[in-house]
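Chemist: One structure is given below, represented as structure tokens, and several questions about it will come after.
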Protein chains: 2
Amino acid sequence: MKKKETETSVTGKKKEVLANLTDFGKKLYDQMNQGNFPWVKMPSRSIENIFYNPEIRQYVLGEKSVRRSARNIRHIKPFSQLVWAAYFADELSQNRKTSTLRDVYYSAQAYDVAFKDQPESNAIITDLETVVGYAREDFNVFPEERSAIFGDLTIEYTVPGYEGKQYNLTSHPDGVMIGPALTSAEFVKTTADIVIAIEKGGLFTRFIEEEVHRKYNALLILTAGQAPRATRQFIHRLNKELELPVYIFTDGDPWGMHIAMVIISGSANAAHLRDLTTPDAKWSGVWATDIVDYKLPSDELTQIDVKRLLELQKDTRYEGVLWQREIKQFLKIGKKAEQEAFSRYGLTYIVDKYLPAKLKETG
Amino acid sequence: MKKKETETSVTGKKKEVLANLTDFGKKLYDQMNQGNFPWVKMPSRSIENIFYNPEIRQYVLGEKSVRRSARNIRHIKPFSQLVWAAYFADELSQNRKTSTLRDVYYSAQAYDVAFKDQPESNAIITDLETVVGYAREDFNVFPEERSAIFGDLTIEYTVPGYEGKQYNLTSHPDGVMIGPALTSAEFVKTTADIVIAIEKGGLFTRFIEEEVHRKYNALLILTAGQAPRATRQFIHRLNKELELPVYIFTDGDPWGMHIAMVIISGSANAAHLRDLTTPDAKWSGVWATDIVDYKLPSDELTQIDVKRLLELQKDTRYEGVLWQREIKQFLKIGKKAEQEAFSRYGLTYIVDKYLPAKLKETG
């Protein structure tokens, strides 16, 4: 196993998040002690301040910033909502309890803080991400969805009741859930050389049954459709801390293509964050050219598929040669194919023939 | 732990499934050896042959049957599709490989068996369930979706590479995925007294963090919305083999109510199967009356919600006093509430106050 970036990546980060939250609070106190209305300045997340940065291959925020002050009557509400959110995030982190966006919305009522609706509380949590400089998962606000991983990686938990316990991710052959406990675990050791992310549950199970993890020294990840943010962050860590190359296998259609792209280059919504993308990850299939080369059973593209392809064609993240070629090919053949389509050559063809060919091609 | 029903419930069942598949094949050979066109007779699954049986509290098939014969030119296609499906199921089971409905559709092409589309192949798999007398999961055709479980139950795997290995379901604090490997495991021992099924992922994590499994000697199950069939079968086993009472907690709306009902009484689609329901399971909340009693933050019922409630009101499965009372109450107050709404009283209120009150009320 390659050396980890830092000895305690997770606990180190948790401490930094807490320090940043405390800093935020201190600043407000200092401002008030100096006889001023408290205020906060943060980068603007409005659309004209979001740019694609080709160097780090993700969206970033520009120079524009917004200032929110308790002095401004129109700011008082979002300002105090933000302060409450920081307080709540600090409470969660200190007590090592987890929560969801939905929970945050309702929890506010326990403090007599009013949010009009959940979109309003979601936006404040995103503001807090901007202020703290970390993703909401880092202050214990997690998504509902769970994905999974399987393969020879030993982790060490940091959650209450399990601190110091080690666990190997081959322990349960259905795959191990990627939830708050796994996300906050330290990496201890691995024999893996690569990471393979897979869109579909059935195929993930097939890969485990056919021992892809052993044959290719791979960690297998089930994204279960669009990968939850916690999973994208986990893939980022596997790539960065363990220096493992990442290959992504999705359905051969614009939606599968975009599942891969969001793992690789993230979304404009997360332009204020850094640890959610894996720019060196490869989309390894199912490509439009695979549909032709492998004579796959396919379906006609729908109007919605075509519309989506035309959008992606103009999307700055899709400027690369591979992406443009595949979009063109999809439009040309007017077809799409699912990962399971390889079963027409027998259940193990995808593992025995397609997988090694594509790993070589995109490796 | 209570005594298990049989010493080898899972392996015993697998053997019976294989025996039934072999029987089916033998019958066809015998028919042909006697100089007849092969044929099969099975209970009709048409709507007029589906009845609710109040005694076993689930839908069952009536006396009508259909006969499919290779002699009848209109039967030749579905008949040979069924024979192929039986062959494929036998292959899967013999080789202990798993598959999905989607896979079955594409796999047929490897054998030059034509299905018009996936609904057609799905229907043939349901026919095969009827012929074999077991759910498709029992011949290794699994759903895509995965749910999870957490709590003190030790299981023993029967899947290749893990045979005889024991695993405790508190090993991973994010919860353990309910996939083919767990579904086909034997129960070894447990200290649990009850099963608590929960609709939402965030709440499932909260219950683990707050140690509900320890405080209430409970196995916690995440249904993740509508429980996948494999999970409903697993709940059935926990209830039957371990004699554990089951309590179900969902959102307080017609959709949550129906998640509970499908675990309890199943669906008309599965009238030909027996092991998917848990008639003694209780829907413990969130009830419409809870919304009032606990003064929960709530949303207005939509037109679609109301339409659904009126449908359920006439549904034979909803004849019980509790269901009728709650449907009436939903319609009267015109409100619905999510499980997370309890967070208005603090994150642990649902565990500290609501849960024990409801377990007592419905226990």
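Note on naming: chains are A, B, ... as they come in the structure tokens, residues start from 1 per chain, ligands start from 1 in the order shown.
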For segment 320-332 of chain A, work out the shell of residues within 10 Å, counting only C-alpha atoms and skipping chain neighbours fewer than 3 positions away, then give it as a PyMOL selection string.
Modeler: chain A and resi 252-254+257+261+283+287-292+301+305-306+309-310+312-314+316-317+335-336
Chemist: Please produce a file of those selected residues containing C-alpha atoms, as a short mmCIF file (atom, residue, chain, number, x, y, z; two decimals), in the first residue's frame.
Modeler:
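See result.cif below for the written result:
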data_model
loop_
_atom_site.label_atom_id
_atom_site.label_comp_id
_atom_site.auth_asym_id
_atom_site.auth_seq_id
_atom_site.Cartn_x
_atom_site.Cartn_y
_atom_site.Cartn_z
CA GLY A 252 -24.30 3.34 -22.46
CA ASP A 253 -26.55 6.40 -22.59
CA PRO A 254 -26.30 10.13 -21.74
CA MET A 257 -22.14 9.09 -19.19
CA MET A 261 -18.72 12.82 -15.41
CA TRP A 283 -15.15 6.57 -18.02
CA TRP A 287 -19.51 3.71 -24.90
CA ALA A 288 -21.58 4.34 -28.00
CA THR A 289 -18.70 2.81 -29.97
CA ASP A 290 -18.96 -0.31 -27.76
CA ILE A 291 -22.57 -0.73 -28.85
CA VAL A 292 -21.32 -1.03 -32.42
CA LEU A 301 -32.65 6.92 -28.08
CA ASP A 305 -32.01 11.26 -24.52
CA VAL A 306 -31.20 13.23 -27.67
CA LEU A 309 -26.87 14.61 -25.52
CA LEU A 310 -27.10 17.98 -27.28
CA LEU A 312 -23.82 17.70 -22.88
CA GLN A 313 -22.17 18.35 -26.26
CA LYS A 314 -21.99 22.05 -25.34
CA THR A 316 -17.58 22.66 -20.90
CA ARG A 317 -16.81 19.47 -18.96
CA LYS A 335 -29.07 3.84 -29.93
CA LYS A 336 -28.31 3.22 -26.27
#
Chemist: Skip Gly161 of chain B itself and residues of its chain fewer than 2 positions away, then list as an mmCIF file with C-alpha atoms, in the first residue's frame all residues within 10 Å of it, counting only C-alpha atoms.
Modeler:
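Listing of selection_25.cif after writing:
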data_model
loop_
_atom_site.group_PDB
_atom_site.id
_atom_site.type_symbol
_atom_site.label_atom_id
_atom_site.label_comp_id
_atom_site.auth_asym_id
_atom_site.auth_seq_id
_atom_site.Cartn_x
_atom_site.Cartn_y
_atom_site.Cartn_z
ATOM 1 C CA PRO A 173 -20.018 -10.596 0.273
ATOM 2 C CA GLU A 209 -19.255 -13.437 -7.577
ATOM 3 C CA GLU A 211 -14.046 -12.388 -8.079
ATOM 4 C CA TYR B 157 -23.110 -17.779 4.836
ATOM 5 C CA THR B 158 -23.909 -20.441 2.262
ATOM 6 C CA VAL B 159 -22.498 -18.597 -0.802
ATOM 7 C CA GLU B 163 -19.516 -21.239 3.260
ATOM 8 C CA GLY B 164 -19.533 -21.842 6.998
ATOM 9 C CA LYS B 165 -18.206 -18.358 7.787
#
Chemist: So what do you get for atom CA of Glu300 of chain A versus atom CA of Gln339 of chain A, distance-wise?
Modeler: 15.4 Å
Chemist: For the strand (DSSP E or B) assignment from backbone DSSP, which residues of segment 43-98 of chain A qualify? Please present them as a list in words.
Modeler: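 Those in segment 43-98 of chain A that DSSP calls strand (DSSP E or B) are Pro43, Ile50, Phe51, Tyr52, Asn53, Gln58, Tyr59, Val60, Leu61, Ser65, Val66, Arg67, Arg68 and Ser69 of chain A.
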Chemist: Can you tell me, as a list of chain:residue names, what residues are no more than 8 Å from segment 225-242 of chain B when counting only C-alpha atoms, ignoring any on the same chain fewer than 4 positions away?
Modeler: B:Met1, B:Lys2, B:Lys3, B:Lys4, B:Glu5, B:Glu137, B:Phe142, B:Pro143, B:Glu145, B:Arg146, B:Ser147, B:Ile178, B:Gly179, B:Thr183, B:Val195, B:Glu199, B:Lys200, B:Val246, B:Gly256, B:Ile259, B:Ile263, B:Asp275, B:Leu276, B:Thr277, B:Thr278
Chemist: List as a list in words the protein and nucleic acid residues near Ile248 of chain A, meaning an atom at most 7 Å away when only C-alpha atoms are counted, but skip any in the same chain fewer than 2 places from it.
Modeler: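 Residues meeting the cut-off are Ile196, Ala197, Ile198, Val246, Thr250, Ala260, Lys282, Trp283 and Ser284 of chain A.
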Chemist: Write out, as a PDB file, in the first residue's frame, the residues just selected, with N, CA and C atoms.
Modeler:
ATOM      1  N   ILE A 196     -12.826   0.131  -9.313  1.00  0.00           N
ATOM      2  CA  ILE A 196     -13.807   0.022 -10.401  1.00  0.00           C
ATOM      3  C   ILE A 196     -15.170   0.425  -9.854  1.00  0.00           C
ATOM      4  N   ALA A 197     -15.730   1.496 -10.389  1.00  0.00           N
ATOM      5  CA  ALA A 197     -17.054   1.952  -9.960  1.00  0.00           C
ATOM      6  C   ALA A 197     -18.094   1.463 -10.967  1.00  0.00           C
ATOM      7  N   ILE A 198     -19.217   0.949 -10.461  1.00  0.00           N
ATOM      8  CA  ILE A 198     -20.232   0.300 -11.293  1.00  0.00           C
ATOM      9  C   ILE A 198     -21.596   0.904 -10.983  1.00  0.00           C
ATOM     10  N   VAL A 246      -8.963   5.110 -11.022  1.00  0.00           N
ATOM     11  CA  VAL A 246     -10.402   4.818 -10.921  1.00  0.00           C
ATOM     12  C   VAL A 246     -11.006   4.641 -12.312  1.00  0.00           C
ATOM     13  N   THR A 250     -20.705   2.412 -16.648  1.00  0.00           N
ATOM     14  CA  THR A 250     -22.112   2.819 -16.546  1.00  0.00           C
ATOM     15  C   THR A 250     -22.888   2.252 -17.733  1.00  0.00           C
ATOM     16  N   ALA A 260     -20.680   9.122 -14.728  1.00  0.00           N
ATOM     17  CA  ALA A 260     -19.213   9.107 -14.748  1.00  0.00           C
ATOM     18  C   ALA A 260     -18.663  10.530 -14.624  1.00  0.00           C
ATOM     19  N   LYS A 282     -11.449   7.503 -15.091  1.00  0.00           N
ATOM     20  CA  LYS A 282     -11.762   7.256 -16.504  1.00  0.00           C
ATOM     21  C   LYS A 282     -13.172   6.704 -16.644  1.00  0.00           C
ATOM     22  N   TRP A 283     -13.900   7.207 -17.631  1.00  0.00           N
ATOM     23  CA  TRP A 283     -15.148   6.567 -18.022  1.00  0.00           C
ATOM     24  C   TRP A 283     -14.786   5.450 -19.002  1.00  0.00           C
ATOM     25  N   SER A 284     -14.951   4.206 -18.589  1.00  0.00           N
ATOM     26  CA  SER A 284     -14.444   3.075 -19.380  1.00  0.00           C
ATOM     27  C   SER A 284     -15.534   2.392 -20.197  1.00  0.00           C
TER      28      SER A 284
END
Chemist: Please run DSSP on the backbone and report, as JSON, numbers by chain, all residues within segment 96-314 of chain A that come out as helix (DSSP H, G or I).
Modeler: {"A": [101, 102, 103, 104, 105, 106, 107, 108, 109, 110, 118, 119, 120, 121, 122, 123, 124, 125, 126, 127, 128, 129, 130, 131, 132, 136, 137, 138, 139, 180, 181, 182, 183, 201, 202, 203, 204, 205, 206, 207, 208, 209, 212, 213, 214, 215, 229, 230, 231, 232, 233, 234, 235, 236, 237, 238, 239, 240, 241, 254, 255, 256, 257, 258, 259, 260, 261, 262, 263, 264, 265, 268, 269, 270, 288, 289, 290, 291, 292, 293, 303, 304, 305, 306, 307, 308, 309, 310, 311, 312, 313, 314]}
Chemist: Select, from B:Ile125, B:Ala181, B:Leu21, B:Leu222, the residue with the minimum atom-to-atom distance to Arg206 of chain B, counting only C-alpha atoms.
Modeler: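 Residue with the minimum atom-to-atom distance to Arg206 of chain B: B:Leu222.
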